[in-house]
Structures are given as C-alpha cells and as structure tokens.
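Listing of upload01.cif, mmCIF, C-alpha atoms and all ligand atoms
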data_work
loop_
_atom_site.label_atom_id
_atom_site.label_comp_id
_atom_site.auth_asym_id
_atom_site.auth_seq_id
_atom_site.Cartn_x
_atom_site.Cartn_y
_atom_site.Cartn_z
CA MET A 1 -7.70 -0.20 19.94
CA LEU A 2 -5.21 -1.81 22.28
CA GLU A 3 -6.59 -5.08 23.47
CA ASN A 4 -5.70 -8.12 25.47
CA LYS A 5 -4.58 -10.82 23.05
CA ASN A 6 -4.51 -13.65 25.58
CA GLN A 7 -8.18 -14.57 25.68
CA ASN A 8 -8.14 -18.33 25.24
CA LYS A 9 -10.67 -19.51 22.71
CA THR A 10 -10.99 -22.29 20.13
CA SER A 11 -7.57 -23.82 19.51
CA LEU A 12 -6.48 -24.35 15.92
CA ALA A 13 -5.43 -27.93 16.71
CA GLN A 14 -9.09 -28.84 17.27
CA LEU A 15 -9.94 -28.02 13.65
CA GLY A 16 -6.92 -29.38 11.82
CA GLU A 17 -5.53 -27.78 8.67
CA PHE A 18 -8.29 -28.80 6.26
CA GLY A 19 -11.00 -27.92 8.73
CA LEU A 20 -9.38 -24.52 9.16
CA ILE A 21 -9.10 -23.90 5.40
CA ASN A 22 -12.75 -24.88 4.86
CA HIS A 23 -13.82 -22.69 7.72
CA ILE A 24 -11.98 -19.54 6.72
CA THR A 25 -12.66 -19.71 2.98
CA GLN A 26 -16.40 -20.41 3.08
CA ASN A 27 -17.44 -16.77 2.64
CA PHE A 28 -15.46 -15.96 -0.48
CA PRO A 29 -17.75 -16.05 -3.53
CA VAL A 30 -16.14 -15.93 -6.99
CA GLN A 31 -16.55 -12.44 -8.50
CA GLN A 32 -14.30 -12.49 -11.57
CA LYS A 33 -15.21 -14.10 -14.90
CA SER A 34 -11.56 -15.05 -15.35
CA THR A 35 -11.71 -17.36 -12.30
CA LEU A 36 -12.76 -20.72 -13.78
CA LYS A 37 -11.83 -22.62 -10.62
CA GLY A 38 -10.90 -20.97 -7.33
CA ILE A 39 -10.41 -22.83 -4.08
CA GLY A 40 -11.24 -26.55 -3.95
CA ASP A 41 -8.89 -28.38 -6.28
CA ASP A 42 -5.13 -28.89 -6.40
CA ALA A 43 -4.72 -25.62 -8.27
CA ALA A 44 -6.84 -22.70 -9.41
CA VAL A 45 -7.71 -22.33 -13.09
CA LEU A 46 -7.78 -18.87 -14.66
CA ASP A 47 -8.68 -17.69 -18.15
CA PHE A 48 -7.35 -14.27 -19.11
CA LYS A 49 -8.09 -14.56 -22.85
CA SER A 50 -5.61 -12.41 -24.75
CA LYS A 51 -4.76 -10.07 -21.89
CA ASN A 52 -1.38 -9.81 -20.20
CA VAL A 53 -1.19 -10.98 -16.60
CA VAL A 54 0.78 -9.15 -13.90
CA VAL A 55 1.81 -10.83 -10.64
CA SER A 56 3.11 -9.37 -7.39
CA THR A 57 3.93 -10.89 -3.98
CA ASP A 58 4.57 -9.55 -0.48
CA LEU A 59 5.56 -11.29 2.73
CA LEU A 60 4.66 -9.62 6.04
CA VAL A 61 6.27 -10.74 9.28
CA GLU A 62 5.00 -9.94 12.77
CA GLY A 63 7.43 -7.70 14.63
CA VAL A 64 9.08 -6.62 11.37
CA HIS A 65 6.22 -5.30 9.23
CA PHE A 66 3.40 -5.03 11.74
CA ASP A 67 2.77 -4.82 15.48
CA LEU A 68 -0.42 -6.53 16.67
CA SER A 69 -0.59 -4.40 19.81
CA TYR A 70 -2.10 -1.58 17.74
CA MET A 71 -2.82 -3.26 14.41
CA PRO A 72 -6.13 -5.12 14.73
CA LEU A 73 -6.05 -8.44 12.83
CA LYS A 74 -8.96 -7.40 10.64
CA HIS A 75 -7.03 -4.31 9.53
CA LEU A 76 -3.92 -6.40 8.99
CA GLY A 77 -5.81 -8.75 6.67
CA TYR A 78 -7.26 -5.83 4.75
CA LYS A 79 -3.92 -4.03 4.47
CA ALA A 80 -2.02 -7.17 3.43
CA VAL A 81 -4.34 -7.44 0.42
CA VAL A 82 -4.34 -3.71 -0.37
CA VAL A 83 -0.55 -3.34 -0.52
CA ASN A 84 -0.44 -6.05 -3.19
CA LEU A 85 -3.33 -4.60 -5.17
CA SER A 86 -1.45 -1.30 -5.11
CA ASP A 87 1.47 -2.94 -6.93
CA ILE A 88 -0.93 -4.23 -9.59
CA CYS A 89 -2.32 -0.69 -10.01
CA ALA A 90 1.24 0.60 -10.39
CA MET A 91 1.49 -1.42 -13.64
CA ASN A 92 -1.72 0.26 -14.87
CA ALA A 93 -3.40 -3.14 -14.52
CA ARG A 94 -6.68 -4.20 -12.89
CA PRO A 95 -6.38 -6.60 -9.93
CA THR A 96 -8.41 -9.79 -10.31
CA GLN A 97 -7.26 -12.58 -7.95
CA ILE A 98 -5.16 -13.13 -4.82
CA THR A 99 -3.68 -16.06 -2.97
CA VAL A 100 -3.05 -15.82 0.78
CA SER A 101 -0.66 -17.97 2.79
CA ILE A 102 -0.27 -17.73 6.54
CA ALA A 103 1.92 -19.28 9.19
CA VAL A 104 0.55 -19.01 12.74
CA SER A 105 1.77 -20.04 16.14
CA ASN A 106 -0.55 -21.75 18.63
CA ARG A 107 -0.86 -18.47 20.54
CA PHE A 108 -3.54 -17.54 17.97
CA PRO A 109 -6.99 -19.07 18.55
CA LEU A 110 -9.39 -19.72 15.68
CA GLU A 111 -11.20 -16.47 16.46
CA ALA A 112 -8.02 -14.49 15.72
CA ILE A 113 -7.64 -16.16 12.31
CA GLU A 114 -11.30 -15.45 11.63
CA GLU A 115 -10.64 -11.76 12.29
CA LEU A 116 -7.69 -11.79 9.89
CA TYR A 117 -9.75 -13.44 7.15
CA GLU A 118 -12.64 -11.07 7.77
CA GLY A 119 -10.27 -8.24 6.79
CA ILE A 120 -9.14 -10.22 3.73
CA ARG A 121 -12.78 -10.84 2.80
CA LEU A 122 -13.64 -7.15 3.14
CA ALA A 123 -10.79 -6.25 0.80
CA CYS A 124 -11.82 -8.93 -1.73
CA ASN A 125 -15.34 -7.63 -1.62
CA SER A 126 -14.43 -3.99 -1.85
CA TYR A 127 -12.00 -4.47 -4.76
CA LYS A 128 -13.91 -7.35 -6.42
CA VAL A 129 -10.95 -9.72 -6.40
CA ASP A 130 -11.17 -13.49 -5.86
CA LEU A 131 -9.31 -15.44 -3.23
CA ILE A 132 -8.23 -18.45 -5.28
CA GLY A 133 -5.82 -20.33 -3.03
CA GLY A 134 -3.05 -20.26 -0.49
CA ASP A 135 -1.62 -22.28 2.32
CA THR A 136 -1.82 -22.41 6.09
CA THR A 137 0.93 -23.77 8.24
CA SER A 138 2.25 -23.47 11.78
CA SER A 139 4.94 -21.13 12.97
CA THR A 140 7.04 -21.43 16.12
CA THR A 141 6.78 -17.76 16.95
CA GLY A 142 4.60 -15.07 15.43
CA LEU A 143 2.34 -14.58 12.48
CA LEU A 144 3.51 -14.51 8.87
CA ILE A 145 1.24 -13.56 6.02
CA SER A 146 2.07 -13.71 2.34
CA VAL A 147 -0.24 -12.39 -0.35
CA THR A 148 0.19 -12.82 -4.10
CA ALA A 149 -1.96 -10.66 -6.35
CA LEU A 150 -2.74 -11.15 -10.03
CA GLY A 151 -4.10 -8.59 -12.41
CA VAL A 152 -4.86 -8.12 -16.07
CA VAL A 153 -3.97 -5.42 -18.53
CA LYS A 154 -4.10 -4.96 -22.28
CA LYS A 155 -0.59 -5.18 -23.64
CA GLU A 156 -0.60 -1.61 -24.96
CA GLU A 157 -1.76 -0.24 -21.58
CA ILE A 158 1.07 -1.57 -19.40
CA VAL A 159 3.14 1.15 -17.74
CA TYR A 160 6.67 0.39 -16.55
CA ARG A 161 9.00 2.41 -14.34
CA SER A 162 11.31 2.86 -17.29
CA GLY A 163 9.28 5.08 -19.63
CA ALA A 164 9.87 8.58 -18.21
CA LYS A 165 11.28 11.13 -20.71
CA GLU A 166 12.98 14.48 -20.26
CA ASN A 167 10.42 17.29 -19.66
CA ASP A 168 7.70 14.83 -18.55
CA LEU A 169 5.69 16.01 -15.55
CA LEU A 170 5.87 14.16 -12.25
CA VAL A 171 2.40 13.56 -10.79
CA VAL A 172 1.20 12.04 -7.52
CA THR A 173 -2.33 10.99 -6.52
CA GLY A 174 -3.98 11.93 -3.20
CA ASP A 175 -1.76 13.22 -0.40
CA ILE A 176 1.43 11.88 1.13
CA GLY A 177 3.12 11.42 4.50
CA SER A 178 -0.02 10.80 6.57
CA ALA A 179 0.42 7.02 6.95
CA TYR A 180 3.85 7.56 8.51
CA MET A 181 2.55 10.11 11.03
CA GLY A 182 -0.36 7.78 11.81
CA LEU A 183 2.22 5.17 12.76
CA GLN A 184 4.04 7.70 14.97
CA VAL A 185 0.82 8.44 16.87
CA LEU A 186 0.08 4.71 17.30
CA GLU A 187 3.64 4.04 18.53
CA ARG A 188 3.33 6.87 21.05
CA GLU A 189 -0.03 5.62 22.34
CA LYS A 190 1.41 2.12 22.68
CA GLN A 191 4.12 3.46 25.00
CA VAL A 192 1.47 5.28 27.06
CA PHE A 193 -0.62 2.09 27.20
CA LEU A 194 2.36 0.02 28.37
CA VAL A 195 2.79 2.38 31.32
CA ASN A 196 -0.92 2.66 32.09
CA PRO A 197 -3.17 -0.01 30.51
CA ASN A 198 -6.33 1.71 31.82
CA ASN A 199 -5.62 4.84 29.84
CA GLN A 200 -7.63 4.45 26.63
CA PRO A 201 -6.46 7.20 24.29
CA ASP A 202 -8.74 9.66 22.53
CA LEU A 203 -7.50 9.58 18.95
CA GLU A 204 -10.30 11.57 17.34
CA GLU A 205 -8.06 14.41 16.21
CA TYR A 206 -5.73 11.89 14.53
CA SER A 207 -8.47 9.93 12.76
CA TYR A 208 -7.36 10.66 9.19
CA ILE A 209 -3.67 9.85 9.61
CA ILE A 210 -4.41 6.72 11.69
CA GLU A 211 -6.81 5.50 9.03
CA ARG A 212 -4.12 6.07 6.42
CA GLN A 213 -1.84 3.77 8.44
CA LEU A 214 -4.33 1.11 9.52
CA LYS A 215 -6.65 1.04 6.51
CA PRO A 216 -4.87 2.21 3.38
CA GLU A 217 -6.61 1.88 0.03
CA ALA A 218 -5.20 0.90 -3.36
CA ARG A 219 -5.79 3.45 -6.13
CA THR A 220 -7.73 1.13 -8.43
CA ASP A 221 -9.71 4.22 -9.47
CA ILE A 222 -6.78 5.95 -11.17
CA LYS A 223 -6.56 3.68 -14.23
CA GLU A 224 -10.15 4.55 -15.10
CA LEU A 225 -9.68 8.23 -14.27
CA LEU A 226 -6.67 8.53 -16.58
CA GLU A 227 -8.50 6.71 -19.35
CA LYS A 228 -11.36 9.20 -19.03
CA LEU A 229 -8.90 12.08 -19.18
CA ASP A 230 -7.24 10.41 -22.17
CA VAL A 231 -3.84 10.37 -20.48
CA LYS A 232 -1.42 7.43 -20.49
CA PRO A 233 1.40 7.68 -17.95
CA THR A 234 4.88 7.25 -19.39
CA ALA A 235 6.18 5.64 -16.15
CA MET A 236 4.50 4.63 -12.90
CA ILE A 237 5.19 3.23 -9.41
CA ASP A 238 3.20 3.03 -6.17
CA VAL A 239 4.26 4.87 -3.02
CA SER A 240 5.20 2.20 -0.51
CA ASP A 241 8.61 3.46 0.69
CA GLY A 242 8.14 7.22 0.35
CA ILE A 243 8.10 9.35 -2.80
CA SER A 244 11.78 10.30 -2.81
CA SER A 245 12.71 6.62 -3.01
CA GLU A 246 10.00 5.97 -5.63
CA ILE A 247 11.04 8.95 -7.78
CA LEU A 248 14.61 7.66 -7.74
CA HIS A 249 13.37 4.23 -8.89
CA ILE A 250 11.65 5.86 -11.87
CA CYS A 251 14.68 8.04 -12.69
CA LYS A 252 17.07 5.10 -12.43
CA ALA A 253 14.90 2.82 -14.59
CA SER A 254 14.31 5.62 -17.13
CA ASN A 255 17.90 6.99 -17.13
CA THR A 256 16.73 10.49 -16.25
CA GLY A 257 17.08 13.14 -13.57
CA CYS A 258 14.30 15.13 -11.93
CA ASN A 259 13.33 18.27 -10.04
CA LEU A 260 10.82 17.83 -7.22
CA TYR A 261 9.27 21.03 -5.80
CA GLU A 262 8.74 21.28 -2.05
CA GLU A 263 5.93 23.84 -2.41
CA LYS A 264 3.93 21.47 -4.65
CA LEU A 265 3.76 18.49 -2.24
CA PRO A 266 0.12 17.57 -1.48
CA LEU A 267 -0.18 17.47 2.33
CA ASP A 268 -3.27 16.99 4.47
CA PRO A 269 -3.83 19.73 7.14
CA GLN A 270 -4.02 17.05 9.89
CA PHE A 271 -0.65 15.72 8.73
CA ILE A 272 0.89 19.20 8.95
CA ASN A 273 -0.54 19.75 12.46
CA VAL A 274 0.77 16.43 13.76
CA CYS A 275 4.23 17.05 12.28
CA GLU A 276 4.30 20.31 14.26
CA GLU A 277 3.13 18.49 17.40
CA PHE A 278 5.95 15.95 17.01
CA ASN A 279 8.42 18.66 16.06
CA LEU A 280 9.16 16.98 12.73
CA ASP A 281 9.80 18.68 9.40
CA SER A 282 6.72 18.00 7.27
CA THR A 283 8.66 18.01 3.98
CA THR A 284 11.16 15.44 5.23
CA ILE A 285 8.33 13.18 6.41
CA ALA A 286 6.23 13.74 3.28
CA ILE A 287 8.99 12.67 0.92
CA ASN A 288 10.48 9.89 3.05
CA GLY A 289 7.53 8.53 5.02
CA GLY A 290 6.07 5.49 3.32
CA GLU A 291 2.95 3.34 3.12
CA ASP A 292 0.71 5.94 1.50
CA TYR A 293 -0.06 3.56 -1.40
CA GLU A 294 -0.71 6.47 -3.72
CA LEU A 295 0.45 6.28 -7.33
CA LEU A 296 3.38 8.31 -8.62
CA PHE A 297 3.66 8.68 -12.38
CA THR A 298 5.02 10.75 -15.20
CA ILE A 299 3.06 12.19 -18.12
CA SER A 300 3.96 14.07 -21.25
CA MET A 301 3.93 17.86 -20.79
CA ASN A 302 1.37 17.96 -23.63
CA ASP A 303 -1.14 16.27 -21.29
CA PHE A 304 -0.91 18.94 -18.58
CA GLU A 305 -4.14 20.69 -19.59
CA LYS A 306 -6.05 17.40 -19.28
CA ILE A 307 -5.07 16.78 -15.66
CA LYS A 308 -4.43 20.23 -14.17
CA ALA A 309 -7.88 20.80 -12.63
CA ASN A 310 -8.28 17.29 -11.23
CA PRO A 311 -8.51 17.17 -7.40
CA HIS A 312 -6.96 13.65 -7.26
CA LEU A 313 -3.79 14.60 -9.15
CA THR A 314 -0.96 16.97 -8.23
CA VAL A 315 2.01 17.90 -10.41
CA ILE A 316 5.01 17.90 -8.06
CA GLY A 317 7.93 18.23 -10.43
CA HIS A 318 9.37 17.32 -13.78
CA ILE A 319 11.86 14.97 -15.37
CA THR A 320 15.25 16.27 -16.48
CA ALA A 321 18.24 14.87 -18.34
CA GLU A 322 20.13 12.21 -16.41
CA ASN A 323 23.28 14.34 -16.09
CA GLU A 324 21.32 17.10 -14.32
CA GLY A 325 20.79 14.76 -11.35
CA THR A 326 17.85 14.30 -8.99
CA HIS A 327 16.91 17.29 -6.85
CA LEU A 328 14.46 18.71 -4.36
CA ILE A 329 13.83 22.42 -4.97
CA THR A 330 12.95 24.03 -1.63
CA ARG A 331 10.55 26.92 -1.02
CA GLU A 332 13.60 29.17 -0.75
CA ASN A 333 14.63 27.93 -4.21
CA THR A 334 17.60 25.94 -2.90
CA LYS A 335 18.51 22.83 -4.86
CA LEU A 336 19.11 19.80 -2.61
CA PRO A 337 20.11 16.34 -3.81
CA LEU A 338 17.18 13.91 -3.53
CA LYS A 339 18.10 10.89 -1.43
CA ALA A 340 16.26 7.63 -0.87
CA ARG A 341 16.06 7.35 2.86
CA GLY A 342 12.89 5.30 3.06
CA TRP A 343 10.63 5.35 6.05
CA ASN A 344 12.72 2.95 8.14
CA ALA A 345 15.65 5.32 8.04
CA LEU A 346 13.55 8.06 9.62
CA THR A 347 13.40 6.27 12.94
CA GLU A 348 17.17 5.90 13.22
MG MG B 401 5.49 -1.15 -5.68
#
Now, as a test, write the supplied structure out as structure tokens.
Amino acid sequence: MLENKNQNKTSLAQLGEFGLINHITQNFPVQQKSTLKGIGDDAAVLDFKSKNVVVSTDLLVEGVHFDLSYMPLKHLGYKAVVVNLSDICAMNARPTQITVSIAVSNRFPLEAIEELYEGIRLACNSYKVDLIGGDTTSSTTGLLISVTALGVVKKEEIVYRSGAKENDLLVVTGDIGSAYMGLQVLEREKQVFLVNPNNQPDLEEYSYIIERQLKPEARTDIKELLEKLDVKPTAMIDVSDGISSEILHICKASNTGCNLYEEKLPLDPQFINVCEEFNLDSTTIAINGGEDYELLFTISMNDFEKIKANPHLTVIGHITAENEGTHLITRENTKLPLKARGWNALTE
C-alpha cells in the first residue's frame, strides 16, 4: 500500500507531449454510439440526437484532494473519473464521455502516468464511457488532474435539487460514512509507516471502509432501478460532502425544511466498529463524513410502497415546510438543528 515513489524510470521528457498522449490513450476504444470522433482531431464530435446533455467538472490537486503516500495512482485515476460520473447520476442522467487533463511535475516517470491512466481506463471500461480528449502539461510541483464528464438524459427525466415538496420522503442509496472512516484508517497507518517504514499494516479488518475511500463507485445503477420501480425522484444530489450538507442543498434549492432521523441512517457494521475504535460518534461521522458517492433524493410519499422493500434504498427522513427548519431527530427524540459541517470540518 505504502510504496517508495522515487524509483527512477522512463522520464516524460524522453517522450514529449504528443508521444505521451499517443502512448496513454492507445487503449481506449470508443464504446458510445454518440461519440462520432473521440481523440485524434482538434476537437471531439458528439451526436446526442434530441437528448439533453449534462456536463460536470472537477479539479483534484495533490496535497489538497489526495495524498499519494496511500492513494495508489491507479486508484486515483479511477476515483477521479467516478466522482464526476456520480455528478452525472445525480441529475438522473447516464454518463457517456469524459475528458481528462493532467499537469505533472518531472518527479513522475512515464510508468506513474501509465498507472494513473490504467485507473482511468478501468473506470471507462466499467462504466462504458469514452475518453474523448484532454490535455497534458507540466507542473512545477505536484500532480493536478481535472476530469469533465458528459451525460445524456431525456428532458422529462432530468432531476434537479430544487424539486422537493413538503411531505416528500428523503431517501439515500447504499450506506454512508464508511469512506470517511477509511480515510481515517489510512491516515493513521501513514503516521505509523513514517515512524517505521518496515511495518506493513494488516488492514484486512478495514477492507470495506478502505475500499469505500480508495475505490468508490458511482451509482449508475439507480436510474435504471428507479425506472423499474416506476419512481421519479422529485429532487436529487450525490453525497460528496456528507449527507447533512447535501440535504441542506436540496432544502435550500427547494425552499423547504426537513426532518432527518438518526435511527434510520444506513450504516455498515464495519463502519460502526471503527467509529468505536477511534472513539468517534458514528452519527456525527455518518452525516458529516463525505465521499460516499451515494445518491440522496426525495420522492413523493405516494411512492413509498414501491421502494420500501428495496435493499439499496433507505428512507431517512421527510421534507417539511421551510419555516419548520432543518432538523436531525435523535434516537432520544431530541430535535437538533442540522448543520453543514462537511468532512473537512471534522478534522479541525
Ligand atoms: Mg454533486
């Protein structure tokens, strides 16, 4: 997991920019009908017929958004794609293409960039999206990676943050909080490694939460699942900063309040165990820890019967009138104001 990054290998200068681009993009076959021209001309050409196109971009900076001492480059490439696909899913759209731009310093040999693009390729393959362009340039310090994702959606299927109505149910996919605790375990092992580099940690008992941090997945399956169940969300967002922050985004955009129930939060047993080990309150982490990349959405109360037995979906609260405010209802039935702390705030 923790490896020596100073092995000197093929320098990027030997290849030149065009040589590098040719080299790293050679294993990306076109998979989408809408991609008329991908890499290889001045611009890509796409044909989305009569569908609406959604676009989302993220910029990741070494030392700010990721730490290469425990984030393998292959995982970084994969995750950089996934977090953008998650935003496309949050619009109830289907991701189709990405562009990837990187800036690298000369401390990275070609083999490191190959690892990064192997992760990008795995994500493209797994989610059937096309890499259709990007840019590579040099950086004086670390690694920067910017991904733009495109997706398509029928006009009548788009879901915004602003559509939640009073009495709608608040639903989340999967479970939450684990990615944050995975990061805590990795940070702790990094400190141990810095003191004793020969001590390779046994992380078996943390496998699920570490995977949630290092290899998150975008919920591209939910659009199809909801269509099968004949449910259209009234509002939707993906969980990148923690659900309390995301719920507040929906409430603000929809001019509503909400009640979130502590006892309803979907938590993995490994997550609960590790919170205890770290002496952290699992509810606080679950609602403020980020990077789960689950989907949070609201549905009409009339649709409850359609979703109630589904193992992927958990009702965690409901939407109220705006003047009732936004609250967390604890197990003891205490009403606490819901605050957007975000996962960064947890470390302060
Ligand atoms: Mg988002």
Could you give me, as a ChimeraX atom specification, the residues within 10 Å of Ser126 of chain A, counting all atoms listed in the file and dropping anything in the same chain fewer than 5 positions from it?
/A:78,120-121,217
How many Å separate atom CA of Val195 of chain A from atom CA of Gly177 of chain A?
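Between these atoms lies a distance of 28.3 Å.
For Leu110 of chain A, the set of protein, DNA and RNA residues having any atom at most 12 Å away, when counting only C-alpha atoms and skipping those fewer than 2 positions along the same chain, is A:Gln7, A:Asn8, A:Lys9, A:Thr10, A:Ser11, A:Leu12, A:Ala13, A:Gln14, A:Leu15, A:Gly16, A:Glu17, A:Gly19, A:Leu20, A:Ile21, A:His23, A:Ile24, A:Val104, A:Ser105, A:Asn106, A:Arg107, A:Phe108, A:Ala112, A:Ile113, A:Glu114, A:Glu115, A:Leu116, A:Tyr117.
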What residues of the protein or nucleic acid chains come within 9 Å of ligand MG 401 (chain B) when you use all atoms listed in the file? Reply as a VMD selection string.
chain A and resid 56 83 to 84 86 to 91 237 to 241 246 293
Need the shell around Asn302 of chain A: protein/DNA/RNA residues with any atom at most 12 Å away, counting all atoms listed in the file. Skip same-chain ones fewer than 4 positions apart. Format as a list in words?
Asn167, Asp168, Leu169, Asp230, Val231, Lys232, Pro233, Thr298, Lys306, Ile307 and Lys308 of chain A
Convert the current residue selection to file output with C-alpha atoms, as an mmCIF file, in the frame of the given file.
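After the write, result.cif holds the following:
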data_model
loop_
_atom_site.group_PDB
_atom_site.id
_atom_site.type_symbol
_atom_site.label_atom_id
_atom_site.label_comp_id
_atom_site.auth_asym_id
_atom_site.auth_seq_id
_atom_site.Cartn_x
_atom_site.Cartn_y
_atom_site.Cartn_z
ATOM 1 C CA ASN A 167 10.420 17.290 -19.660
ATOM 2 C CA ASP A 168 7.700 14.830 -18.550
ATOM 3 C CA LEU A 169 5.690 16.010 -15.550
ATOM 4 C CA ASP A 230 -7.240 10.410 -22.170
ATOM 5 C CA VAL A 231 -3.840 10.370 -20.480
ATOM 6 C CA LYS A 232 -1.420 7.430 -20.490
ATOM 7 C CA PRO A 233 1.400 7.680 -17.950
ATOM 8 C CA THR A 298 5.020 10.750 -15.200
ATOM 9 C CA LYS A 306 -6.050 17.400 -19.280
ATOM 10 C CA ILE A 307 -5.070 16.780 -15.660
ATOM 11 C CA LYS A 308 -4.430 20.230 -14.170
#
Near Asn279 of chain A, within 12 Å and counting all atoms listed in the file, which residues show up once chain neighbours fewer than 6 positions away are dropped, as number ranges by chain?
A: 181, 184, 272-273, 285
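Between atom CA of Pro266 of chain A and atom CA of Leu296 of chain A there is a distance of 12.1 Å.
Of the listed residues A:Thr35, A:Asn310, A:Gln191, A:Ser101, the one whose atoms come nearest to Val61 of chain A is A:Ser101, with distances taken using all atoms listed in the file.
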Looking at A:Ala253, A:Val274, A:Val152, A:Leu59, which one is nearest to Ala164 of chain A, with distances taken over all atoms listed in the file?
A:Ala253
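Considering the residues A:Ala179, A:Ala309, A:Ala103, A:Val53 and counting only C-alpha atoms, Thr136 of chain A has its shortest atom-to-atom contact with A:Ala103.
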Report the distance between atom CA of Ala218 of chain A and atom CA of Leu85 of chain A in Å, rounded to one decimal place.
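So the answer is 6.1 Å.
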Nearest residue to Asp41 of chain A from the set A:Ile132, A:Leu170, A:Ile316, A:Ala149 (distances using all atoms listed in the file)
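Going through A:Ile132, A:Leu170, A:Ile316, A:Ala149 one by one, the smallest distance to Asp41 of chain A is for A:Ile132.
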Local residues around (15.0, 21.6, -7.5), at most 10 Å away, using all atoms listed in the file, as a ChimeraX atom specification:
/A:258-262,317-318,325-331,333-338
Hey, which of A:Ser138, A:Asn323, A:Ser34, A:Thr148 ends up closest to Val55 of chain A? Count only C-alpha atoms.
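Checking each of A:Ser138, A:Asn323, A:Ser34, A:Thr148 against Val55 of chain A, counting only C-alpha atoms, the winner is A:Thr148.
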Judged by only C-alpha atoms, the minimum distance to Leu280 of chain A among A:Glu211, A:Tyr180, A:Leu225, A:Thr173 is found for A:Tyr180
Can I get segment 248-273 of chain A with N, CA and C atoms filled in, as a PDB file, in the frame of the given file?
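Produced file selection.pdb, reproduced below:
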ATOM      1  N   LEU A 248      13.273   8.129  -7.341  1.00  0.00           N
ATOM      2  CA  LEU A 248      14.610   7.660  -7.740  1.00  0.00           C
ATOM      3  C   LEU A 248      14.514   6.333  -8.502  1.00  0.00           C
ATOM      4  N   HIS A 249      13.570   5.479  -8.131  1.00  0.00           N
ATOM      5  CA  HIS A 249      13.370   4.230  -8.890  1.00  0.00           C
ATOM      6  C   HIS A 249      13.004   4.540 -10.345  1.00  0.00           C
ATOM      7  N   ILE A 250      12.071   5.485 -10.515  1.00  0.00           N
ATOM      8  CA  ILE A 250      11.650   5.860 -11.870  1.00  0.00           C
ATOM      9  C   ILE A 250      12.826   6.461 -12.646  1.00  0.00           C
ATOM     10  N   CYS A 251      13.552   7.372 -12.005  1.00  0.00           N
ATOM     11  CA  CYS A 251      14.680   8.040 -12.690  1.00  0.00           C
ATOM     12  C   CYS A 251      15.768   7.027 -13.067  1.00  0.00           C
ATOM     13  N   LYS A 252      16.036   6.101 -12.156  1.00  0.00           N
ATOM     14  CA  LYS A 252      17.070   5.100 -12.430  1.00  0.00           C
ATOM     15  C   LYS A 252      16.646   4.200 -13.596  1.00  0.00           C
ATOM     16  N   ALA A 253      15.388   3.719 -13.537  1.00  0.00           N
ATOM     17  CA  ALA A 253      14.900   2.820 -14.590  1.00  0.00           C
ATOM     18  C   ALA A 253      14.784   3.540 -15.933  1.00  0.00           C
ATOM     19  N   SER A 254      14.530   4.855 -15.894  1.00  0.00           N
ATOM     20  CA  SER A 254      14.310   5.620 -17.130  1.00  0.00           C
ATOM     21  C   SER A 254      15.566   6.341 -17.604  1.00  0.00           C
ATOM     22  N   ASN A 255      16.660   6.256 -16.825  1.00  0.00           N
ATOM     23  CA  ASN A 255      17.900   6.990 -17.130  1.00  0.00           C
ATOM     24  C   ASN A 255      17.645   8.489 -17.263  1.00  0.00           C
ATOM     25  N   THR A 256      17.018   9.056 -16.244  1.00  0.00           N
ATOM     26  CA  THR A 256      16.730  10.490 -16.250  1.00  0.00           C
ATOM     27  C   THR A 256      17.108  11.104 -14.905  1.00  0.00           C
ATOM     28  N   GLY A 257      17.017  12.425 -14.831  1.00  0.00           N
ATOM     29  CA  GLY A 257      17.080  13.140 -13.570  1.00  0.00           C
ATOM     30  C   GLY A 257      15.706  13.691 -13.274  1.00  0.00           C
ATOM     31  N   CYS A 258      15.592  14.515 -12.215  1.00  0.00           N
ATOM     32  CA  CYS A 258      14.300  15.130 -11.930  1.00  0.00           C
ATOM     33  C   CYS A 258      14.451  16.313 -10.995  1.00  0.00           C
ATOM     34  N   ASN A 259      13.462  17.210 -11.038  1.00  0.00           N
ATOM     35  CA  ASN A 259      13.330  18.270 -10.040  1.00  0.00           C
ATOM     36  C   ASN A 259      11.989  18.092  -9.352  1.00  0.00           C
ATOM     37  N   LEU A 260      12.034  17.965  -8.026  1.00  0.00           N
ATOM     38  CA  LEU A 260      10.820  17.830  -7.220  1.00  0.00           C
ATOM     39  C   LEU A 260      10.679  19.140  -6.443  1.00  0.00           C
ATOM     40  N   TYR A 261       9.469  19.719  -6.440  1.00  0.00           N
ATOM     41  CA  TYR A 261       9.270  21.030  -5.800  1.00  0.00           C
ATOM     42  C   TYR A 261       8.579  20.894  -4.454  1.00  0.00           C
ATOM     43  N   GLU A 262       9.274  21.354  -3.411  1.00  0.00           N
ATOM     44  CA  GLU A 262       8.740  21.280  -2.050  1.00  0.00           C
ATOM     45  C   GLU A 262       7.362  21.920  -1.945  1.00  0.00           C
ATOM     46  N   GLU A 263       7.187  23.094  -2.555  1.00  0.00           N
ATOM     47  CA  GLU A 263       5.930  23.840  -2.410  1.00  0.00           C
ATOM     48  C   GLU A 263       4.739  23.135  -3.059  1.00  0.00           C
ATOM     49  N   LYS A 264       5.024  22.151  -3.934  1.00  0.00           N
ATOM     50  CA  LYS A 264       3.930  21.470  -4.650  1.00  0.00           C
ATOM     51  C   LYS A 264       3.428  20.227  -3.910  1.00  0.00           C
ATOM     52  N   LEU A 265       4.124  19.767  -2.885  1.00  0.00           N
ATOM     53  CA  LEU A 265       3.760  18.490  -2.240  1.00  0.00           C
ATOM     54  C   LEU A 265       2.341  18.541  -1.673  1.00  0.00           C
ATOM     55  N   PRO A 266       1.486  17.572  -2.013  1.00  0.00           N
ATOM     56  CA  PRO A 266       0.120  17.570  -1.480  1.00  0.00           C
ATOM     57  C   PRO A 266       0.080  17.001  -0.062  1.00  0.00           C
ATOM     58  N   LEU A 267      -0.189  17.878   0.926  1.00  0.00           N
ATOM     59  CA  LEU A 267      -0.180  17.470   2.330  1.00  0.00           C
ATOM     60  C   LEU A 267      -1.537  17.738   2.959  1.00  0.00           C
ATOM     61  N   ASP A 268      -2.013  16.798   3.760  1.00  0.00           N
ATOM     62  CA  ASP A 268      -3.270  16.990   4.470  1.00  0.00           C
ATOM     63  C   ASP A 268      -3.038  17.922   5.680  1.00  0.00           C
ATOM     64  N   PRO A 269      -3.996  18.819   5.990  1.00  0.00           N
ATOM     65  CA  PRO A 269      -3.830  19.730   7.140  1.00  0.00           C
ATOM     66  C   PRO A 269      -3.571  18.973   8.459  1.00  0.00           C
ATOM     67  N   GLN A 270      -4.244  17.815   8.648  1.00  0.00           N
ATOM     68  CA  GLN A 270      -4.020  17.050   9.890  1.00  0.00           C
ATOM     69  C   GLN A 270      -2.572  16.554   9.952  1.00  0.00           C
ATOM     70  N   PHE A 271      -2.047  16.156   8.805  1.00  0.00           N
ATOM     71  CA  PHE A 271      -0.650  15.720   8.730  1.00  0.00           C
ATOM     72  C   PHE A 271       0.292  16.854   9.142  1.00  0.00           C
ATOM     73  N   ILE A 272       0.036  18.056   8.628  1.00  0.00           N
ATOM     74  CA  ILE A 272       0.890  19.200   8.950  1.00  0.00           C
ATOM     75  C   ILE A 272       0.838  19.512  10.445  1.00  0.00           C
ATOM     76  N   ASN A 273      -0.384  19.492  11.020  1.00  0.00           N
ATOM     77  CA  ASN A 273      -0.540  19.750  12.460  1.00  0.00           C
ATOM     78  C   ASN A 273       0.232  18.758  13.308  1.00  0.00           C
TER      79      ASN A 273
END
